[in-house]
Amino acid sequence: MPRLQRSDAEIEAVRARILDEALALFAEEGWEGFSMRKLGARLGIAAKTIYNYVESRDEIYLGLLIRGFEQLYDELTAATEAPEDPWDQLAAAIGTYVDFGLDNVNIYNLMFTWHVPKYHDYLGTHLEELARVELEVALRSQHLVAALVTACVGGVADDDLAFATVRAWSQMHGYVSGVNSTILDYLHPDPPAIRARMVEQLQAAVAREVADLAHGPNRRTDSTDSTPTRRST
């Protein structure tokens, strides 16, 4: 009897389970310790069966990154839709990023912390296009934050805008990665307990630095530019 063909929904459900188990395996074994054989054992199927749905570890990895960055962007977008004031939107984005990082440790580490392949590692390979999709999805969150910064202070030189987003990310990532790696356990008796206070301080620090852009030497002076008054924090 011929095998019944799976529907698109069934195929996607299997692929989603493959990604879920692959993420857990990456967390346990790391990049080098990951194998299709180990993944098959977790799934309860032969490793060769996995190849009916994905072609390689790298395709699984890029699929996980795309899913993770889509989730992050969706959460940032949802958090910044309600507030009308751009400063409140920026503060909401900071809190949401920290929440994402602390509540989704495995995917966050894969996205931001571990030494794993990046876009340039796939140039010239058959996975270059998929890697390009992953990069574009990843940068959407950065573009969202850059737009919020611009909305807060008006026209800013591209170099300063890029610096502001990198600076903000570095501060948020420092706390998140410190908690996730347990490094902060040696510096504070209960790092997760200071989560709310840390978010508040991060919001205030980023707000001050963004406000300073309005008076920096590289500020644009477009005729349509308008600079909101700096908020007190």
# chains A, B, ... in the order shown; residues from 1 in each chain; ligands from 1
>>> closest_atom_pairs(of="range 62-137 of chain A", to="range 189-213 of chain A", cutoff="10 Å", atoms="only C-alpha atoms", output="JSON lines")
{"residue": "A:Trp87", "atom": "CA", "partner": "A:Ala207", "partner_atom": "CA", "distance": 7.5}
{"residue": "A:Asp88", "atom": "CA", "partner": "A:Gln203", "partner_atom": "CA", "distance": 9.5}
{"residue": "A:Leu90", "atom": "CA", "partner": "A:Gln203", "partner_atom": "CA", "distance": 7.9}
{"residue": "A:Ala91", "atom": "CA", "partner": "A:Gln203", "partner_atom": "CA", "distance": 5.3}
{"residue": "A:Ala92", "atom": "CA", "partner": "A:Gln203", "partner_atom": "CA", "distance": 8.5}
{"residue": "A:Ala93", "atom": "CA", "partner": "A:Gln203", "partner_atom": "CA", "distance": 9.1}
{"residue": "A:Ile94", "atom": "CA", "partner": "A:Gln203", "partner_atom": "CA", "distance": 6.4}
{"residue": "A:Gly95", "atom": "CA", "partner": "A:Val199", "partner_atom": "CA", "distance": 5.8}
{"residue": "A:Thr96", "atom": "CA", "partner": "A:Val199", "partner_atom": "CA", "distance": 9.3}
{"residue": "A:Tyr97", "atom": "CA", "partner": "A:Val199", "partner_atom": "CA", "distance": 9.7}
{"residue": "A:Val98", "atom": "CA", "partner": "A:Val199", "partner_atom": "CA", "distance": 7.3}
{"residue": "A:Asp99", "atom": "CA", "partner": "A:Arg195", "partner_atom": "CA", "distance": 8.9}
{"residue": "A:Leu102", "atom": "CA", "partner": "A:Pro192", "partner_atom": "CA", "distance": 8.7}
>>> residues_around(residues="range 61-64 of chain A", least_positions_apart="3", cutoff="7 Å", atoms="only C-alpha atoms", output="PyMOL selection string")
chain A and resi 19+57-58+67-68+131+134
>>> write_last_selection(atoms="C-alpha atoms", output="mmCIF file, in the first residue's frame")
data_model
loop_
_atom_site.group_PDB
_atom_site.id
_atom_site.type_symbol
_atom_site.label_atom_id
_atom_site.label_comp_id
_atom_site.auth_asym_id
_atom_site.auth_seq_id
_atom_site.Cartn_x
_atom_site.Cartn_y
_atom_site.Cartn_z
ATOM 1 C CA LEU A 19 13.461 22.770 15.413
ATOM 2 C CA ARG A 57 22.486 20.926 10.588
ATOM 3 C CA ASP A 58 23.089 24.368 9.078
ATOM 4 C CA ARG A 67 12.250 31.825 14.120
ATOM 5 C CA GLY A 68 14.006 33.437 17.089
ATOM 6 C CA ALA A 131 21.462 33.042 5.431
ATOM 7 C CA GLU A 134 18.124 35.235 8.374
#
>>> residues_around(residues="range 14-16 of chain A", least_positions_apart="4", cutoff="7 Å", atoms="only C-alpha atoms", output="number ranges by chain")
A: 10, 20, 53
>>> write_last_selection(atoms="N, CA and C atoms", output="PDB file, in the first residue's frame")
ATOM      1  N   GLU A  10       0.858  19.188   8.308  1.00  0.00           N
ATOM      2  CA  GLU A  10       1.563  18.112   8.998  1.00  0.00           C
ATOM      3  C   GLU A  10       3.070  18.234   8.820  1.00  0.00           C
ATOM      4  N   ASP A  20      12.349  22.454  17.553  1.00  0.00           N
ATOM      5  CA  ASP A  20      12.271  22.472  19.014  1.00  0.00           C
ATOM      6  C   ASP A  20      13.314  21.538  19.633  1.00  0.00           C
ATOM      7  N   TYR A  53      12.902  16.342   5.710  1.00  0.00           N
ATOM      8  CA  TYR A  53      12.349  17.645   6.070  1.00  0.00           C
ATOM      9  C   TYR A  53      13.395  18.761   6.034  1.00  0.00           C
TER      10      TYR A  53
END
>>> atom_distance(atom1="CA of Tyr108 in chain A", atom2="CA of Ala78 in chain A")
18.8 Å
>>> residues_around(residues="Arg37 in chain A", least_positions_apart="5", cutoff="12 Å", atoms="only C-alpha atoms", output="mmCIF file with N, CA and C atoms, in the first residue's frame")
data_model
loop_
_atom_site.group_PDB
_atom_site.id
_atom_site.type_symbol
_atom_site.label_atom_id
_atom_site.label_comp_id
_atom_site.auth_asym_id
_atom_site.auth_seq_id
_atom_site.Cartn_x
_atom_site.Cartn_y
_atom_site.Cartn_z
ATOM 1 N N ALA A 22 15.954 20.314 18.164
ATOM 2 C CA ALA A 22 17.299 20.737 17.769
ATOM 3 C C ALA A 22 17.803 21.839 18.687
ATOM 4 N N LEU A 25 18.917 20.310 21.827
ATOM 5 C CA LEU A 25 20.168 19.581 21.618
ATOM 6 C C LEU A 25 21.348 20.533 21.504
ATOM 7 N N ARG A 42 16.521 11.917 19.866
ATOM 8 C CA ARG A 42 15.594 12.742 20.642
ATOM 9 C C ARG A 42 14.185 12.692 20.053
ATOM 10 N N LEU A 43 14.125 12.614 18.735
ATOM 11 C CA LEU A 43 12.839 12.617 18.052
ATOM 12 C C LEU A 43 12.211 11.226 18.001
ATOM 13 N N GLY A 44 13.024 10.202 18.278
ATOM 14 C CA GLY A 44 12.517 8.833 18.202
ATOM 15 C C GLY A 44 12.401 8.325 16.782
ATOM 16 N N ILE A 45 13.226 8.850 15.871
ATOM 17 C CA ILE A 45 13.200 8.439 14.469
ATOM 18 C C ILE A 45 14.633 8.226 13.999
ATOM 19 N N ALA A 46 14.773 7.587 12.859
ATOM 20 C CA ALA A 46 16.107 7.411 12.284
ATOM 21 C C ALA A 46 16.619 8.742 11.773
ATOM 22 N N ALA A 47 17.926 8.936 11.868
ATOM 23 C CA ALA A 47 18.511 10.193 11.419
ATOM 24 C C ALA A 47 18.179 10.467 9.957
ATOM 25 N N LYS A 48 18.149 9.413 9.128
ATOM 26 C CA LYS A 48 17.896 9.617 7.699
ATOM 27 C C LYS A 48 16.495 10.159 7.439
ATOM 28 N N THR A 49 15.566 9.892 8.371
ATOM 29 C CA THR A 49 14.203 10.396 8.204
ATOM 30 C C THR A 49 14.160 11.913 8.307
ATOM 31 N N ILE A 50 15.057 12.481 9.120
ATOM 32 C CA ILE A 50 15.098 13.935 9.288
ATOM 33 C C ILE A 50 15.368 14.615 7.960
ATOM 34 N N TYR A 51 16.141 13.950 7.102
ATOM 35 C CA TYR A 51 16.512 14.550 5.821
ATOM 36 C C TYR A 51 15.332 14.654 4.860
ATOM 37 N N SER A 56 20.315 19.636 6.404
ATOM 38 C CA SER A 56 21.572 19.662 7.148
ATOM 39 C C SER A 56 21.397 20.354 8.488
ATOM 40 N N ARG A 57 22.431 20.215 9.324
ATOM 41 C CA ARG A 57 22.486 20.926 10.588
ATOM 42 C C ARG A 57 22.406 22.431 10.353
#
>>> atom_distance(atom1="CA of Phe100 in chain A", atom2="CA of Tyr73 in chain A")
10.2 Å
